[in-house]
$ cat final.pdb   # PDB, C-alpha atoms (C1' of nucleotides)
ATOM      1  CA  MET R 250      45.550  47.336  98.134
ATOM      2  CA  ARG R 251      44.140  44.197  99.675
ATOM      3  CA  LEU R 252      42.376  41.245  98.171
ATOM      4  CA  LEU R 253      39.094  40.132  99.678
ATOM      5  CA  PRO R 254      38.924  36.508 100.826
ATOM      6  CA  GLN R 255      38.073  34.013  98.117
ATOM      7  CA  PRO R 256      38.207  30.251  97.685
ATOM      8  CA  ALA R 257      41.367  28.594  96.371
ATOM      9  CA  VAL R 258      41.135  27.206  92.857
ATOM     10  CA  ASP R 259      40.793  23.636  94.039
ATOM     11  CA  ASP R 260      38.043  24.574  96.444
ATOM     12  CA  ILE R 261      35.792  26.042  93.775
ATOM     13  CA  GLN R 262      32.668  23.900  93.624
ATOM     14  CA  LEU R 263      30.832  23.253  90.385
ATOM     15  CA  THR R 264      27.363  23.417  91.885
ATOM     16  CA  GLU R 265      28.162  26.724  93.569
ATOM     17  CA  VAL R 266      29.465  28.209  90.362
ATOM     18  CA  LEU R 267      26.401  27.052  88.448
ATOM     19  CA  HIS R 268      24.152  28.459  91.128
ATOM     20  CA  ALA R 269      26.032  31.760  91.091
ATOM     21  CA  LEU R 270      25.581  31.979  87.332
ATOM     22  CA  SER R 271      21.911  31.019  87.395
ATOM     23  CA  ASP R 272      20.708  34.439  88.521
ATOM     24  CA  PRO R 273      20.081  37.016  85.764
ATOM     25  CA  ALA R 274      21.605  39.904  87.700
ATOM     26  CA  ARG R 275      24.765  37.953  88.456
ATOM     27  CA  LEU R 276      25.020  36.657  84.920
ATOM     28  CA  ASP R 277      24.788  40.256  83.775
ATOM     29  CA  VAL R 278      27.663  41.213  86.063
ATOM     30  CA  VAL R 279      29.760  38.344  84.749
ATOM     31  CA  THR R 280      29.023  39.281  81.150
ATOM     32  CA  GLN R 281      30.091  42.856  81.765
ATOM     33  CA  LEU R 282      33.262  41.709  83.471
ATOM     34  CA  ALA R 283      34.079  39.457  80.548
ATOM     35  CA  ALA R 284      33.886  42.450  78.233
ATOM     36  CA  GLU R 285      35.486  45.098  80.419
ATOM     37  CA  PHE R 286      38.111  43.136  82.304
ATOM     38  CA  GLU R 287      37.714  45.069  85.537
ATOM     39  CA  LEU R 288      35.011  47.238  87.040
ATOM     40  CA  THR R 289      34.047  48.872  90.292
ATOM     41  CA  CYS R 290      30.938  47.637  92.043
ATOM     42  CA  SER R 291      29.000  50.786  91.253
ATOM     43  CA  GLY R 292      30.308  50.730  87.694
ATOM     44  CA  VAL R 293      28.942  47.280  87.051
ATOM     45  CA  GLY R 294      25.758  47.742  89.006
ATOM     46  CA  GLU R 295      24.414  50.889  87.394
ATOM     47  CA  SER R 296      22.866  49.279  84.379
ATOM     48  CA  ILE R 297      21.111  46.605  86.371
ATOM     49  CA  GLY R 298      18.753  48.772  88.370
ATOM     50  CA  LEU R 299      18.750  46.965  91.686
ATOM     51  CA  HIS R 300      19.389  48.453  95.097
ATOM     52  CA  LYS R 301      23.057  48.751  95.942
ATOM     53  CA  SER R 302      22.719  46.462  98.930
ATOM     54  CA  THR R 303      21.128  43.858  96.695
ATOM     55  CA  MET R 304      24.043  44.152  94.326
ATOM     56  CA  SER R 305      26.428  43.872  97.243
ATOM     57  CA  HIS R 306      24.766  40.568  98.070
ATOM     58  CA  HIS R 307      25.222  39.356  94.507
ATOM     59  CA  TYR R 308      28.882  40.368  94.561
ATOM     60  CA  ARG R 309      29.367  38.272  97.648
ATOM     61  CA  VAL R 310      27.764  35.238  96.039
ATOM     62  CA  LEU R 311      30.005  35.641  93.029
ATOM     63  CA  ARG R 312      33.088  36.048  95.190
ATOM     64  CA  ASP R 313      32.274  33.207  97.598
ATOM     65  CA  SER R 314      31.636  30.822  94.744
ATOM     66  CA  GLY R 315      34.973  31.687  93.145
ATOM     67  CA  VAL R 316      33.662  33.391  90.039
ATOM     68  CA  VAL R 317      35.081  36.838  90.701
ATOM     69  CA  SER R 318      37.986  38.317  92.567
ATOM     70  CA  THR R 319      37.666  41.598  94.444
ATOM     71  CA  ARG R 320      40.460  43.996  95.196
ATOM     72  CA  GLN R 321      40.032  47.003  97.418
ATOM     73  CA  GLU R 322      41.802  50.180  96.429
ATOM     74  CA  GLY R 323      41.003  53.283  98.373
ATOM     75  CA  ARG R 324      37.282  53.335  98.851
ATOM     76  CA  GLN R 325      36.481  51.476  95.692
ATOM     77  CA  LYS R 326      36.440  47.764  95.061
ATOM     78  CA  PHE R 327      37.471  46.422  91.724
ATOM     79  CA  MET R 328      36.102  43.127  90.524
ATOM     80  CA  THR R 329      37.647  40.856  87.945
ATOM     81  CA  LEU R 330      36.497  37.553  86.501
ATOM     82  CA  ARG R 331      38.649  34.651  87.736
ATOM     83  CA  LYS R 332      38.854  33.436  84.176
ATOM     84  CA  ALA R 333      42.212  31.679  84.390
ATOM     85  CA  ASP R 334      41.218  29.929  87.617
ATOM     86  CA  LEU R 335      37.869  28.837  86.237
ATOM     87  CA  ASP R 336      39.459  27.655  83.005
ATOM     88  CA  GLN R 337      41.910  25.599  84.984
ATOM     89  CA  ARG R 338      39.293  24.064  87.229
ATOM     90  CA  PHE R 339      36.434  23.665  84.749
ATOM     91  CA  PRO R 340      37.845  23.937  81.223
ATOM     92  CA  GLY R 341      35.457  25.437  78.713
ATOM     93  CA  LEU R 342      32.685  26.135  81.177
ATOM     94  CA  LEU R 343      32.969  29.892  81.425
ATOM     95  CA  ASP R 344      33.378  30.360  77.694
ATOM     96  CA  ALA R 345      30.368  28.169  77.021
ATOM     97  CA  VAL R 346      28.256  30.207  79.420
ATOM     98  CA  LEU R 347      29.443  33.508  77.972
ATOM     99  CA  ASP R 348      28.775  32.258  74.449
ATOM    100  CA  ALA R 349      25.345  31.183  75.562
ATOM    101  CA  VAL R 350      24.507  34.639  76.886
ATOM    102  CA  VAL R 351      25.108  36.320  73.544
ATOM    103  CA  GLY R 352      24.230  33.362  71.372
ATOM    104  CA  ALA R 353      20.819  32.774  72.854
ATOM    105  CA  THR R 354      19.560  36.239  71.939
ATOM    106  CA  ARG R 355      20.607  35.967  68.327
TER     107      ARG R 355
ATOM    108  CA  MET F 229       4.259   5.976  73.729
ATOM    109  CA  ARG F 230       3.793   9.608  74.512
ATOM    110  CA  LEU F 231       6.268  12.366  75.176
ATOM    111  CA  LEU F 232       5.780  14.520  78.229
ATOM    112  CA  PRO F 233       5.534  18.274  77.601
ATOM    113  CA  GLN F 234       8.860  20.046  77.335
ATOM    114  CA  PRO F 235      10.078  23.430  76.127
ATOM    115  CA  ALA F 236      10.992  23.919  72.475
ATOM    116  CA  VAL F 237      14.695  24.324  71.784
ATOM    117  CA  ASP F 238      14.445  28.069  71.332
ATOM    118  CA  ASP F 239      12.552  28.438  74.579
ATOM    119  CA  ILE F 240      15.250  26.839  76.701
ATOM    120  CA  GLN F 241      16.552  29.501  79.077
ATOM    121  CA  LEU F 242      20.173  29.621  80.126
ATOM    122  CA  THR F 243      19.475  30.642  83.708
ATOM    123  CA  GLU F 244      16.966  27.823  84.106
ATOM    124  CA  VAL F 245      19.405  25.265  82.760
ATOM    125  CA  LEU F 246      22.154  26.505  85.058
ATOM    126  CA  HIS F 247      19.774  26.412  87.975
ATOM    127  CA  ALA F 248      18.659  22.905  87.087
ATOM    128  CA  LEU F 249      22.279  21.778  87.001
ATOM    129  CA  SER F 250      23.216  23.501  90.261
ATOM    130  CA  ASP F 251      21.659  20.854  92.490
ATOM    131  CA  PRO F 252      23.838  17.827  93.344
ATOM    132  CA  ALA F 253      21.025  15.302  92.947
ATOM    133  CA  ARG F 254      20.054  16.648  89.544
ATOM    134  CA  LEU F 255      23.643  16.867  88.409
ATOM    135  CA  ASP F 256      23.987  13.240  89.408
ATOM    136  CA  VAL F 257      20.979  12.307  87.284
ATOM    137  CA  VAL F 258      22.404  14.194  84.317
ATOM    138  CA  THR F 259      25.780  12.512  84.711
ATOM    139  CA  GLN F 260      24.183   9.075  84.741
ATOM    140  CA  LEU F 261      22.114   9.928  81.685
ATOM    141  CA  ALA F 262      25.219  11.091  79.849
ATOM    142  CA  ALA F 263      26.792   7.691  80.480
ATOM    143  CA  GLU F 264      23.779   5.455  79.995
ATOM    144  CA  PHE F 265      21.854   7.238  77.265
ATOM    145  CA  GLU F 266      18.457   6.378  78.642
ATOM    146  CA  LEU F 267      17.121   5.311  81.999
ATOM    147  CA  THR F 268      13.885   4.861  83.845
ATOM    148  CA  CYS F 269      13.130   7.160  86.744
ATOM    149  CA  SER F 270      13.615   4.438  89.287
ATOM    150  CA  GLY F 271      16.750   3.269  87.527
ATOM    151  CA  VAL F 272      18.404   6.613  87.805
ATOM    152  CA  GLY F 273      17.114   7.391  91.256
ATOM    153  CA  GLU F 274      18.236   4.309  93.118
ATOM    154  CA  SER F 275      21.807   5.337  93.701
ATOM    155  CA  ILE F 276      20.876   8.763  94.969
ATOM    156  CA  GLY F 277      19.006   7.765  98.093
ATOM    157  CA  LEU F 278      16.261  10.370  98.147
ATOM    158  CA  HIS F 279      12.548   9.784  98.450
ATOM    159  CA  LYS F 280      10.877   8.943  95.178
ATOM    160  CA  SER F 281       8.625  11.980  95.355
ATOM    161  CA  THR F 282      11.690  14.149  95.826
ATOM    162  CA  MET F 283      13.230  12.584  92.759
ATOM    163  CA  SER F 284      10.010  13.132  90.873
ATOM    164  CA  HIS F 285      10.318  16.803  91.728
ATOM    165  CA  HIS F 286      13.877  16.878  90.394
ATOM    166  CA  TYR F 287      12.802  15.129  87.193
ATOM    167  CA  ARG F 288      10.244  17.830  86.666
ATOM    168  CA  VAL F 289      12.797  20.600  87.139
ATOM    169  CA  LEU F 290      15.083  18.906  84.634
ATOM    170  CA  ARG F 291      12.266  18.447  82.154
ATOM    171  CA  ASP F 292      10.790  21.939  82.544
ATOM    172  CA  SER F 293      14.185  23.532  82.067
ATOM    173  CA  GLY F 294      14.772  21.553  78.882
ATOM    174  CA  VAL F 295      17.640  19.409  80.104
ATOM    175  CA  VAL F 296      15.940  16.046  79.774
ATOM    176  CA  SER F 297      13.197  14.535  77.702
ATOM    177  CA  THR F 298      10.753  12.040  79.164
ATOM    178  CA  ARG F 299       8.913   9.397  77.240
ATOM    179  CA  GLN F 300       6.227   7.269  78.756
ATOM    180  CA  GLU F 301       6.090   3.649  77.753
ATOM    181  CA  GLY F 302       3.732   1.422  79.600
ATOM    182  CA  ARG F 303       4.053   2.280  83.215
ATOM    183  CA  GLN F 304       7.631   3.346  83.062
ATOM    184  CA  LYS F 305       9.062   6.663  82.049
ATOM    185  CA  PHE F 306      12.316   6.832  80.178
ATOM    186  CA  MET F 307      14.485   9.879  80.454
ATOM    187  CA  THR F 308      17.099  10.989  77.978
ATOM    188  CA  LEU F 309      19.448  13.947  77.960
ATOM    189  CA  ARG F 310      18.449  16.508  75.339
ATOM    190  CA  LYS F 311      22.056  16.637  74.258
ATOM    191  CA  ALA F 312      21.527  17.626  70.642
ATOM    192  CA  ASP F 313      19.068  20.340  71.617
ATOM    193  CA  LEU F 314      21.340  21.729  74.291
ATOM    194  CA  ASP F 315      24.325  21.623  71.975
ATOM    195  CA  GLN F 316      22.367  23.540  69.398
ATOM    196  CA  ARG F 317      21.150  26.161  71.806
ATOM    197  CA  PHE F 318      24.224  26.478  74.045
ATOM    198  CA  PRO F 319      27.206  24.971  72.220
ATOM    199  CA  GLY F 320      29.766  23.416  74.506
ATOM    200  CA  LEU F 321      27.874  24.035  77.710
ATOM    201  CA  LEU F 322      26.742  20.517  78.492
ATOM    202  CA  ASP F 323      30.095  18.990  77.658
ATOM    203  CA  ALA F 324      31.885  21.519  79.827
ATOM    204  CA  VAL F 325      29.604  20.720  82.745
ATOM    205  CA  LEU F 326      29.995  16.981  82.281
ATOM    206  CA  ASP F 327      33.758  17.349  82.040
ATOM    207  CA  ALA F 328      33.694  19.421  85.188
ATOM    208  CA  VAL F 329      31.851  16.713  87.112
ATOM    209  CA  VAL F 330      34.512  14.123  86.476
ATOM    210  CA  GLY F 331      37.426  16.514  86.184
ATOM    211  CA  ALA F 332      36.895  18.218  89.507
ATOM    212  CA  THR F 333      37.272  14.996  91.466
ATOM    213  CA  ARG F 334      40.549  14.044  89.809
TER     214      ARG F 334
ATOM    215  C1'  DC E 274      37.143  67.992 111.851
ATOM    216  C1'  DG E 275      33.073  67.585 108.867
ATOM    217  C1'  DT E 276      31.303  65.791 104.768
ATOM    218  C1'  DA E 277      30.874  63.104 100.747
ATOM    219  C1'  DT E 278      31.801  58.596  98.449
ATOM    220  C1'  DA E 279      31.745  53.541  98.012
ATOM    221  C1'  DG E 280      30.184  49.576  99.835
ATOM    222  C1'  DT E 281      28.661  46.370 103.638
ATOM    223  C1'  DT E 282      25.609  44.701 107.256
ATOM    224  C1'  DG E 283      21.348  43.696 109.681
ATOM    225  C1'  DG E 284      16.532  43.351 109.728
ATOM    226  C1'  DA E 285      12.155  42.533 107.480
ATOM    227  C1'  DT E 286       9.559  40.628 103.934
ATOM    228  C1'  DT E 287       8.262  37.848 100.375
ATOM    229  C1'  DG E 288       8.904  34.133  97.607
ATOM    230  C1'  DT E 289      11.385  29.791  96.146
ATOM    231  C1'  DT E 290      13.459  25.273  96.958
ATOM    232  C1'  DG E 291      14.420  20.665  98.841
ATOM    233  C1'  DT E 292      12.610  17.173 101.451
ATOM    234  C1'  DC E 293       9.371  13.669 103.225
ATOM    235  C1'  DA E 294       4.941  11.275 103.824
ATOM    236  C1'  DA E 295       0.603   9.949 102.378
ATOM    237  C1'  DA E 296      -2.677   9.639  98.955
ATOM    238  C1'  DC E 297      -3.451   9.198  94.277
ATOM    239  C1'  DC E 298      -3.325   7.753  89.138
ATOM    240  C1'  DT E 299      -2.154   4.469  85.344
ATOM    241  C1'  DT E 300      -0.788   0.512  83.414
ATOM    242  C1'  DC E 301      -0.021  -4.290  83.429
ATOM    243  C1'  DA E 302      -0.789  -9.003  84.946
ATOM    244  C1'  DA E 303      -3.062 -12.649  87.369
TER     245       DA E 303
ATOM    246  C1'  DT D 116     -11.517  -7.048  89.168
ATOM    247  C1'  DT D 117      -8.131  -7.058  92.285
ATOM    248  C1'  DG D 118      -3.445  -6.148  93.194
ATOM    249  C1'  DA D 119       1.141  -4.667  92.353
ATOM    250  C1'  DA D 120       4.565  -1.594  90.008
ATOM    251  C1'  DG D 121       6.087   2.911  88.665
ATOM    252  C1'  DG D 122       5.519   7.594  89.183
ATOM    253  C1'  DT D 123       3.004  12.033  90.286
ATOM    254  C1'  DT D 124       0.552  15.187  93.208
ATOM    255  C1'  DT D 125      -0.559  17.527  97.330
ATOM    256  C1'  DG D 126       0.410  19.245 101.790
ATOM    257  C1'  DA D 127       3.556  20.489 105.265
ATOM    258  C1'  DC D 128       7.707  22.374 106.822
ATOM    259  C1'  DA D 129      12.260  24.114 107.274
ATOM    260  C1'  DA D 130      15.943  26.238 104.856
ATOM    261  C1'  DC D 131      17.395  29.301 101.660
ATOM    262  C1'  DA D 132      17.310  33.369  98.434
ATOM    263  C1'  DA D 133      16.208  37.967  96.467
ATOM    264  C1'  DT D 134      14.925  42.328  97.495
ATOM    265  C1'  DC D 135      14.530  46.783  99.885
ATOM    266  C1'  DC D 136      15.481  50.143 103.531
ATOM    267  C1'  DA D 137      18.076  52.102 107.115
ATOM    268  C1'  DA D 138      22.059  52.250 109.607
ATOM    269  C1'  DC D 139      26.729  51.491 109.541
ATOM    270  C1'  DT D 140      32.071  51.467 108.281
ATOM    271  C1'  DA D 141      35.939  53.098 106.009
ATOM    272  C1'  DT D 142      38.347  56.023 103.061
ATOM    273  C1'  DA D 143      39.281  60.347 100.880
ATOM    274  C1'  DC D 144      38.941  65.311 100.341
ATOM    275  C1'  DG D 145      38.332  70.095 101.759
TER     276       DG D 145
END

$ encode --input "final.pdb" --output "structure tokens"
Amino acid sequence: MRLLPQPAVDDIQLTEVLHALSDPARLDVVTQLAAEFELTCSGVGESIGLHKSTMSHHYRVLRDSGVVSTRQEGRQKFMTLRKADLDQRFPGLLDAVLDAVVGATR
Amino acid sequence: MRLLPQPAVDDIQLTEVLHALSDPARLDVVTQLAAEFELTCSGVGESIGLHKSTMSHHYRVLRDSGVVSTRQEGRQKFMTLRKADLDQRFPGLLDAVLDAVVGATR
DNA sequence: CGTATAGTTGGATTGTTGTCAAACCTTCAA
DNA sequence: TTGAAGGTTTGACAACAATCCAACTATACG
């Protein structure tokens, strides 16, 4: 069970996080993770309808920017939101974005 | 004194706002506007050190995404943050981003 | 070992973005 | 009416980003 490389909390950059969240597909992933706690890549990607390699690219952007954490177990990879880390680094930001996702469609 | 075209509150899109805020130059503009309330284009651009046409491009992105409002008065254009509109549409988002800008350098 | 599963990587393509420079438009003032 | 001030627009260009497809890696299961 190994963890894929990811930035330390203090190395998470605001502009990179905002950029990571500014893509609809990635925002969708993040929203699902916020609701489900943890998902496999295929689990989270199914409802989005993009090619799996495209999704793999989005996962990398999310991981490199510090938004998600990925843990490999067997042949699957489980993603989780780095909620505690993001809350520590940028208090209120993630919640505001998640609220905005649901709130804006009301 | 005319107002340049800008999206209505309900037409402001989360992904566009996040994208607008994900560029360092634009984030800098927004931070200055949060502190100064209102500034001319040249006033806000001076400290950034980019070409004025580049800044003009960034102003447009900020305006089109609904982050700032621009009012023309004489030959100057005054920009303001659409704070109330953003707070209404995405509660807490702008404040979290502004906090993050200062907080992350502490 | 052979095969299926779960993802990643590389290449190709198409489109977007950030930047500058030069030309332009508008307004104000002499 | 000429000129200057304050921005915008257009064109060019390089860098980046999103997407797909095909080939690949690694793990698990018969």

$ resolve_selection --input "final.pdb" --expression "the PyMOL selection byres ((chain D and resi 117-133) around 9)" --output "list in words"
Thr303 of chain R; Cys269, Ser270, Lys280, Ser281, Ser284, His285, Arg303, Gln304 and Lys305 of chain F; DT287, DG288, DT289, DT290, DG291, DT292, DA296, DC297, DC298, DT300, DC301, DA302 and DA303 of chain E; DT116 and DT134 of chain D

$ write_last_selection --input "final.pdb" --atoms "C-alpha atoms (C1' of nucleotides)" --output "short mmCIF file (atom, residue, chain, number, x, y, z; two decimals), in the frame of the given file"
data_model
loop_
_atom_site.label_atom_id
_atom_site.label_comp_id
_atom_site.auth_asym_id
_atom_site.auth_seq_id
_atom_site.Cartn_x
_atom_site.Cartn_y
_atom_site.Cartn_z
CA THR R 303 21.13 43.86 96.70
CA CYS F 269 13.13 7.16 86.74
CA SER F 270 13.62 4.44 89.29
CA LYS F 280 10.88 8.94 95.18
CA SER F 281 8.62 11.98 95.36
CA SER F 284 10.01 13.13 90.87
CA HIS F 285 10.32 16.80 91.73
CA ARG F 303 4.05 2.28 83.22
CA GLN F 304 7.63 3.35 83.06
CA LYS F 305 9.06 6.66 82.05
"C1'" DT E 287 8.26 37.85 100.38
"C1'" DG E 288 8.90 34.13 97.61
"C1'" DT E 289 11.38 29.79 96.15
"C1'" DT E 290 13.46 25.27 96.96
"C1'" DG E 291 14.42 20.66 98.84
"C1'" DT E 292 12.61 17.17 101.45
"C1'" DA E 296 -2.68 9.64 98.96
"C1'" DC E 297 -3.45 9.20 94.28
"C1'" DC E 298 -3.32 7.75 89.14
"C1'" DT E 300 -0.79 0.51 83.41
"C1'" DC E 301 -0.02 -4.29 83.43
"C1'" DA E 302 -0.79 -9.00 84.95
"C1'" DA E 303 -3.06 -12.65 87.37
"C1'" DT D 116 -11.52 -7.05 89.17
"C1'" DT D 134 14.92 42.33 97.50
#

$ closest_residue --input "final.pdb" --among "E:DC274, E:DT281, E:DC293, E:DT299" --to "chain R" --atoms "only C-alpha atoms (C1' of nucleotides)"
E:DT281

$ atom_distance --input "final.pdb" --atom1 "atom CA of R:Ser314" --atom2 "atom CA of R:Leu282"
15.8 Å

$ resolve_selection --input "final.pdb" --expression "the PyMOL selection byres ((chain E) within 12 of (chain R))" --output "PyMOL selection string"
chain E and resi 277-283

$ closest_residue --input "final.pdb" --among "F:Val237, F:Pro252, F:Lys311, F:His286" --to "chain D" --atoms "only C-alpha atoms (C1' of nucleotides)"
F:His286

$ closest_atom_pairs --input "final.pdb" --of "chain R" --to "chain F" --cutoff "12 Å" --atoms "only C-alpha atoms" --output "JSON lines"
{"residue": "R:Val258", "atom": "CA", "partner": "F:Ala332", "partner_atom": "CA", "distance": 10.5}
{"residue": "R:Asp259", "atom": "CA", "partner": "F:Ala332", "partner_atom": "CA", "distance": 8.1}
{"residue": "R:Asp260", "atom": "CA", "partner": "F:Ala332", "partner_atom": "CA", "distance": 9.5}
{"residue": "R:Ile261", "atom": "CA", "partner": "F:Ala332", "partner_atom": "CA", "distance": 9.0}
{"residue": "R:Gln262", "atom": "CA", "partner": "F:Ala332", "partner_atom": "CA", "distance": 8.2}
{"residue": "R:Leu263", "atom": "CA", "partner": "F:Ala328", "partner_atom": "CA", "distance": 7.1}
{"residue": "R:Thr264", "atom": "CA", "partner": "F:Ser250", "partner_atom": "CA", "distance": 4.5}
{"residue": "R:Glu265", "atom": "CA", "partner": "F:Ser250", "partner_atom": "CA", "distance": 6.8}
{"residue": "R:Val266", "atom": "CA", "partner": "F:Ser250", "partner_atom": "CA", "distance": 7.8}
{"residue": "R:Leu267", "atom": "CA", "partner": "F:Ser250", "partner_atom": "CA", "distance": 5.1}
{"residue": "R:His268", "atom": "CA", "partner": "F:Ser250", "partner_atom": "CA", "distance": 5.1}
{"residue": "R:Ala269", "atom": "CA", "partner": "F:Ser250", "partner_atom": "CA", "distance": 8.8}
{"residue": "R:Leu270", "atom": "CA", "partner": "F:Leu246", "partner_atom": "CA", "distance": 6.8}
{"residue": "R:Ser271", "atom": "CA", "partner": "F:Thr243", "partner_atom": "CA", "distance": 4.4}
{"residue": "R:Asp272", "atom": "CA", "partner": "F:Thr243", "partner_atom": "CA", "distance": 6.3}
{"residue": "R:Pro273", "atom": "CA", "partner": "F:Thr243", "partner_atom": "CA", "distance": 6.7}
{"residue": "R:Ala274", "atom": "CA", "partner": "F:Thr243", "partner_atom": "CA", "distance": 10.3}
{"residue": "R:Arg275", "atom": "CA", "partner": "F:Thr243", "partner_atom": "CA", "distance": 10.2}
{"residue": "R:Leu276", "atom": "CA", "partner": "F:Thr243", "partner_atom": "CA", "distance": 8.3}
{"residue": "R:Asp277", "atom": "CA", "partner": "F:Thr243", "partner_atom": "CA", "distance": 11.0}
{"residue": "R:Leu335", "atom": "CA", "partner": "F:Ala328", "partner_atom": "CA", "distance": 10.4}
{"residue": "R:Asp336", "atom": "CA", "partner": "F:Ala324", "partner_atom": "CA", "distance": 10.3}
{"residue": "R:Gln337", "atom": "CA", "partner": "F:Ala332", "partner_atom": "CA", "distance": 10.0}
{"residue": "R:Arg338", "atom": "CA", "partner": "F:Ala332", "partner_atom": "CA", "distance": 6.7}
{"residue": "R:Phe339", "atom": "CA", "partner": "F:Ala328", "partner_atom": "CA", "distance": 5.1}
{"residue": "R:Pro340", "atom": "CA", "partner": "F:Ala324", "partner_atom": "CA", "distance": 6.6}
{"residue": "R:Gly341", "atom": "CA", "partner": "F:Ala324", "partner_atom": "CA", "distance": 5.4}
{"residue": "R:Leu342", "atom": "CA", "partner": "F:Ala324", "partner_atom": "CA", "distance": 4.9}
{"residue": "R:Leu343", "atom": "CA", "partner": "F:Ala324", "partner_atom": "CA", "distance": 8.6}
{"residue": "R:Asp344", "atom": "CA", "partner": "F:Leu321", "partner_atom": "CA", "distance": 8.4}
{"residue": "R:Ala345", "atom": "CA", "partner": "F:Leu321", "partner_atom": "CA", "distance": 4.9}
{"residue": "R:Val346", "atom": "CA", "partner": "F:Leu321", "partner_atom": "CA", "distance": 6.4}
{"residue": "R:Leu347", "atom": "CA", "partner": "F:Phe318", "partner_atom": "CA", "distance": 9.6}
{"residue": "R:Asp348", "atom": "CA", "partner": "F:Phe318", "partner_atom": "CA", "distance": 7.4}
{"residue": "R:Ala349", "atom": "CA", "partner": "F:Phe318", "partner_atom": "CA", "distance": 5.1}
{"residue": "R:Val350", "atom": "CA", "partner": "F:Leu242", "partner_atom": "CA", "distance": 7.4}
{"residue": "R:Val351", "atom": "CA", "partner": "F:Phe318", "partner_atom": "CA", "distance": 9.9}
{"residue": "R:Gly352", "atom": "CA", "partner": "F:Phe318", "partner_atom": "CA", "distance": 7.4}
{"residue": "R:Ala353", "atom": "CA", "partner": "F:Arg317", "partner_atom": "CA", "distance": 6.7}
{"residue": "R:Thr354", "atom": "CA", "partner": "F:Asp238", "partner_atom": "CA", "distance": 9.7}
{"residue": "R:Arg355", "atom": "CA", "partner": "F:Arg317", "partner_atom": "CA", "distance": 10.4}

$ atom_distance --input "final.pdb" --atom1 "atom CA of R:Val316" --atom2 "atom CA of F:Leu290"
24.2 Å

$ atom_distance --input "final.pdb" --atom1 "atom CA of F:Phe306" --atom2 "atom CA of F:Leu267"
5.4 Å

$ resolve_selection --input "final.pdb" --expression "the PyMOL selection byres ((chain R and resi 251) around 7)" --output "PyMOL selection string"
chain R and resi 250+252-253+320-321

$ closest_atom_pairs --input "final.pdb" --of "chain D" --to "chain R" --cutoff "12 Å" --atoms "all atoms listed in the file" --output "CSV"
residue,atom,partner,partner_atom,distance
D:DA132,C1',R:His306,CA,10.4
D:DA133,C1',R:Thr303,CA,7.7
D:DT134,C1',R:Thr303,CA,6.4
D:DC135,C1',R:His300,CA,7.0
D:DC136,C1',R:Ser302,CA,9.3
D:DA137,C1',R:Ser302,CA,11.0
D:DT140,C1',R:Arg324,CA,10.9
D:DA141,C1',R:Arg324,CA,7.3
D:DT142,C1',R:Arg324,CA,5.1
D:DA143,C1',R:Arg324,CA,7.6

$ axis_aligned_box --input "final.pdb" --around "stretch 246-249 of chain F" --padding-each-side "5 Å" --output "lines of an AutoDock Vina configuration file"
center_x = 20.5
center_y = 24.1
center_z = 86.5
size_x = 13.6
size_y = 14.7
size_z = 12.9
